[in-house]
>>> print(open('model21.cif').read())   # mmCIF, C-alpha atoms
data_protein
#
loop_
_atom_site.group_PDB
_atom_site.id
_atom_site.type_symbol
_atom_site.label_atom_id
_atom_site.label_comp_id
_atom_site.auth_asym_id
_atom_site.auth_seq_id
_atom_site.Cartn_x
_atom_site.Cartn_y
_atom_site.Cartn_z
ATOM 1 C CA MET A 1 41.517 100.457 131.350
ATOM 2 C CA VAL A 2 41.353 99.008 127.840
ATOM 3 C CA THR A 3 42.726 102.257 126.450
ATOM 4 C CA GLU A 4 45.673 102.127 128.835
ATOM 5 C CA LEU A 5 46.414 98.550 127.764
ATOM 6 C CA LEU A 6 46.256 99.540 124.107
ATOM 7 C CA VAL A 7 48.570 102.520 124.702
ATOM 8 C CA LYS A 8 51.016 100.296 126.604
ATOM 9 C CA LYS A 9 50.880 97.646 123.867
ATOM 10 C CA ASN A 10 51.451 100.334 121.230
ATOM 11 C CA GLN A 11 54.501 101.662 123.143
ATOM 12 C CA ASP A 12 55.910 98.140 123.462
ATOM 13 C CA LEU A 13 55.471 97.571 119.726
ATOM 14 C CA GLN A 14 57.167 100.862 118.926
ATOM 15 C CA GLU A 15 60.120 99.987 121.192
ATOM 16 C CA GLU A 16 60.408 96.556 119.577
ATOM 17 C CA ASN A 17 60.240 98.182 116.151
ATOM 18 C CA GLU A 18 63.117 100.541 117.077
ATOM 19 C CA ARG A 19 65.226 97.616 118.364
ATOM 20 C CA LEU A 20 64.594 95.716 115.132
ATOM 21 C CA LYS A 21 65.517 98.772 113.030
ATOM 22 C CA LEU A 22 68.783 99.114 114.953
ATOM 23 C CA ALA A 23 69.545 95.396 114.556
ATOM 24 C CA LEU A 24 68.799 95.609 110.820
ATOM 25 C CA LYS A 25 71.080 98.630 110.452
ATOM 26 C CA THR A 26 73.892 96.774 112.244
ATOM 27 C CA LEU A 27 73.422 93.727 110.021
ATOM 28 C CA GLN A 28 73.487 95.919 106.911
ATOM 29 C CA GLN A 29 76.769 97.491 108.049
ATOM 30 C CA GLU A 30 78.291 94.052 108.663
ATOM 31 C CA LEU A 31 77.095 92.899 105.242
ATOM 32 C CA ASP A 32 78.685 95.963 103.615
ATOM 33 C CA GLU A 33 81.970 95.220 105.402
ATOM 34 C CA CYS A 34 81.861 91.608 104.193
ATOM 35 C CA ARG A 35 81.196 92.770 100.635
ATOM 36 C CA LYS A 36 84.135 95.162 100.818
ATOM 37 C CA ALA A 37 86.396 92.414 102.164
ATOM 38 C CA LEU A 38 85.272 90.103 99.364
ATOM 39 C CA ASP A 39 85.923 92.791 96.750
ATOM 40 C CA ILE A 40 89.382 93.400 98.215
ATOM 41 C CA LYS A 41 90.122 89.670 98.097
ATOM 42 C CA LYS A 42 89.034 89.509 94.452
ATOM 43 C CA GLU A 43 91.162 92.549 93.642
ATOM 44 C CA VAL A 44 94.228 91.001 95.313
ATOM 45 C CA GLN A 45 93.705 87.768 93.361
ATOM 46 C CA ALA A 46 93.378 89.732 90.112
ATOM 47 C CA ARG A 47 96.576 91.669 90.873
ATOM 48 C CA LEU A 48 98.354 88.428 91.705
ATOM 49 C CA GLN A 49 97.335 87.035 88.308
ATOM 50 C CA ASN A 50 98.575 90.232 86.627
ATOM 51 C CA THR A 51 101.866 90.003 88.506
ATOM 52 C CA LYS A 52 102.331 86.399 87.428
ATOM 53 C CA ALA A 53 101.841 87.371 83.802
ATOM 54 C CA LYS A 54 103.907 90.528 84.118
ATOM 55 C CA TYR A 55 107.175 89.001 85.328
ATOM 56 C CA SER A 56 109.141 85.917 84.359
ATOM 57 C CA THR A 57 110.390 83.471 86.968
ATOM 58 C CA GLU A 58 113.915 84.880 86.729
ATOM 59 C CA GLU A 59 112.659 88.448 87.187
ATOM 60 C CA ILE A 60 110.592 87.471 90.214
ATOM 61 C CA ILE A 61 113.582 85.785 91.850
ATOM 62 C CA ALA A 62 115.859 88.724 90.967
ATOM 63 C CA PHE A 63 113.345 91.198 92.405
ATOM 64 C CA ALA A 64 112.980 89.140 95.580
ATOM 65 C CA ASP A 65 116.759 89.089 96.023
ATOM 66 C CA LEU A 66 116.914 92.824 95.393
ATOM 67 C CA PHE A 67 114.101 93.497 97.903
ATOM 68 C CA ASN A 68 116.079 91.707 100.615
ATOM 69 C CA LYS A 69 119.198 93.827 100.048
ATOM 70 C CA GLU A 70 120.193 95.977 102.966
ATOM 71 C CA ILE A 71 119.926 99.743 102.452
ATOM 72 C CA LYS A 72 123.554 100.101 103.516
ATOM 73 C CA ASP A 73 124.580 97.918 100.546
ATOM 74 C CA LEU A 74 122.799 100.083 97.983
ATOM 75 C CA PRO A 75 124.528 102.888 96.067
ATOM 76 C CA LEU A 76 122.720 105.688 97.880
ATOM 77 C CA LYS A 77 124.084 108.891 99.350
ATOM 78 C CA VAL A 78 125.051 108.825 103.019
ATOM 79 C CA ARG A 79 122.324 111.307 103.945
ATOM 80 C CA THR A 80 119.705 109.136 102.237
ATOM 81 C CA MET A 81 120.924 106.032 104.043
ATOM 82 C CA ASN A 82 120.895 107.854 107.381
ATOM 83 C CA ILE A 83 117.338 109.113 106.877
ATOM 84 C CA LEU A 84 116.143 105.621 105.960
ATOM 85 C CA ARG A 85 118.015 104.029 108.857
ATOM 86 C CA MET A 86 116.551 106.544 111.323
ATOM 87 C CA SER A 87 113.097 105.633 109.991
ATOM 88 C CA ASP A 88 113.727 101.910 110.647
ATOM 89 C CA ILE A 89 113.899 101.088 106.943
ATOM 90 C CA SER A 90 116.606 98.478 106.639
ATOM 91 C CA THR A 91 115.943 96.795 103.278
ATOM 92 C CA LEU A 92 114.882 97.903 99.840
ATOM 93 C CA GLY A 93 111.695 95.892 100.343
ATOM 94 C CA ASP A 94 110.892 97.969 103.439
ATOM 95 C CA LEU A 95 111.376 101.126 101.406
ATOM 96 C CA LEU A 96 109.115 99.938 98.600
ATOM 97 C CA LYS A 97 106.447 98.832 101.094
ATOM 98 C CA ILE A 98 106.053 102.357 102.485
ATOM 99 C CA GLY A 99 105.526 103.668 98.964
ATOM 100 C CA LYS A 100 106.018 107.093 97.517
ATOM 101 C CA MET A 101 103.548 108.747 99.901
ATOM 102 C CA GLY A 102 105.241 107.130 102.881
ATOM 103 C CA LEU A 103 108.565 108.440 101.616
ATOM 104 C CA LEU A 104 107.161 111.970 101.580
ATOM 105 C CA ARG A 105 106.235 111.608 105.254
ATOM 106 C CA LEU A 106 109.696 110.548 106.432
ATOM 107 C CA ARG A 107 111.406 113.037 108.677
ATOM 108 C CA ASN A 108 114.115 115.116 106.929
ATOM 109 C CA CYS A 109 113.366 113.448 103.589
ATOM 110 C CA GLY A 110 113.632 116.377 101.223
ATOM 111 C CA PRO A 111 113.743 116.683 97.441
ATOM 112 C CA ASN A 112 117.407 115.658 97.167
ATOM 113 C CA THR A 113 116.838 112.479 99.145
ATOM 114 C CA ARG A 114 113.743 111.604 97.146
ATOM 115 C CA CYS A 115 115.645 112.294 93.923
ATOM 116 C CA ASP A 116 118.458 109.980 95.077
ATOM 117 C CA ILE A 117 115.974 107.180 95.755
ATOM 118 C CA GLU A 118 114.035 107.768 92.510
ATOM 119 C CA GLU A 119 117.275 107.679 90.508
ATOM 120 C CA PHE A 120 118.328 104.418 92.148
ATOM 121 C CA MET A 121 114.936 102.887 91.404
ATOM 122 C CA LYS A 122 115.009 104.043 87.787
ATOM 123 C CA ASN A 123 118.504 102.593 87.291
ATOM 124 C CA ASN A 124 117.349 99.226 88.680
ATOM 125 C CA GLY A 125 114.038 98.989 86.798
ATOM 126 C CA LEU A 126 111.927 99.514 89.902
ATOM 127 C CA SER A 127 108.806 101.601 90.377
ATOM 128 C CA TRP A 128 106.489 102.423 93.247
ATOM 129 C CA ASP A 129 103.666 100.323 91.805
ATOM 130 C CA ILE A 130 105.522 97.030 92.325
ATOM 131 C CA ASP A 131 103.778 95.016 95.015
ATOM 132 C CA VAL A 132 106.661 93.759 97.144
ATOM 133 C CA ASN A 133 104.572 91.262 99.097
ATOM 134 C CA GLU A 134 103.251 89.655 95.910
ATOM 135 C CA ILE A 135 106.741 89.346 94.416
ATOM 136 C CA ILE A 136 108.121 87.780 97.602
ATOM 137 C CA GLU A 137 105.150 85.416 97.811
ATOM 138 C CA LEU A 138 105.586 84.405 94.171
ATOM 139 C CA SER A 139 109.325 83.872 94.618
ATOM 140 C CA ALA A 140 108.655 81.658 97.638
ATOM 141 C CA LYS A 141 106.159 79.631 95.632
ATOM 142 C CA LYS A 142 108.648 79.301 92.759
ATOM 143 C CA ALA A 143 111.373 78.193 95.163
ATOM 144 C CA VAL A 144 109.081 75.583 96.717
ATOM 145 C CA SER A 145 107.956 74.299 93.312
ATOM 146 C CA LYS A 146 111.603 73.856 92.198
ATOM 147 C CA LYS A 147 112.256 71.521 95.148
#
>>> encode(input="model21.cif", output="structure tokens")
Amino acid sequence: MVTELLVKKNQDLQEENERLKLALKTLQQELDECRKALDIKKEVQARLQNTKAKYSTEEIIAFADLFNKEIKDLPLKVRTMNILRMSDISTLGDLLKIGKMGLLRLRNCGPNTRCDIEEFMKNNGLSWDIDVNEIIELSAKKAVSKK
């Protein structure tokens, strides 16, 4: 009788131990996710500081205006414009947001189309590493601070 009680108690303790291990593992995963999110936030803030130092107010405003230009208004080949339009890319900002890897995944976007886009970007001082969202956010802040 006492042995049965001890065995039962031991089983209960083992089950509780397993539940606690699972809960601890879940908490560790959540903590890791929070740490990653915090690191990402710090990285975004650091990039924002770099962007502020990298571009003058005039450049930021010029870039923001350029990002809002419609694809149809850019000096691109008709085929390039059609491929971008069929991919629901309507502004230069949309194009820059998908990035170079996104461009490679567009349907019918071959070497000539990519070359056309790369040439346009080179002629306008643009590159794939420009963070469009940061530039637009900075231009909005500059516009608000002017008022």
>>> residues_around(input="model21.cif", residues="stretch 93-106 of chain A", least_positions_apart="4", cutoff="9 Å", atoms="all atoms listed in the file", output="MDAnalysis selection string")
chainID A and resid 64 66:71 83:84 87:89 110 114 127:133
>>> atom_distance(input="model21.cif", atom1="atom CA of A:Lys9", atom2="atom CA of A:Lys21")
18.2 Å
>>> atom_distance(input="model21.cif", atom1="atom CA of A:Lys72", atom2="atom CA of A:Leu92")
9.7 Å
>>> axis_aligned_box(input="model21.cif", around="stretch 19-29 of chain A", padding_each_side="6 Å", output="JSON")
{"center_x": 70.7, "center_y": 96.4, "center_z": 112.6, "size_x": 24.2, "size_y": 17.4, "size_z": 23.5}
>>> atom_distance(input="model21.cif", atom1="atom CA of A:Thr80", atom2="atom CA of A:Leu126")
17.5 Å
>>> residues_around(input="model21.cif", residues="stretch 119-123 of chain A", least_positions_apart="4", cutoff="8 Å", atoms="all atoms listed in the file", output="PyMOL selection string")
chain A and resi 75-76+115+127
>>> write_last_selection(input="model21.cif", atoms="C-alpha atoms", output="PDB file, in the coordinates of the input")
ATOM      1  CA  PRO A  75     124.528 102.888  96.067  1.00  0.00           C
ATOM      2  CA  LEU A  76     122.720 105.688  97.880  1.00  0.00           C
ATOM      3  CA  CYS A 115     115.645 112.294  93.923  1.00  0.00           C
ATOM      4  CA  SER A 127     108.806 101.601  90.377  1.00  0.00           C
TER       5      SER A 127
END
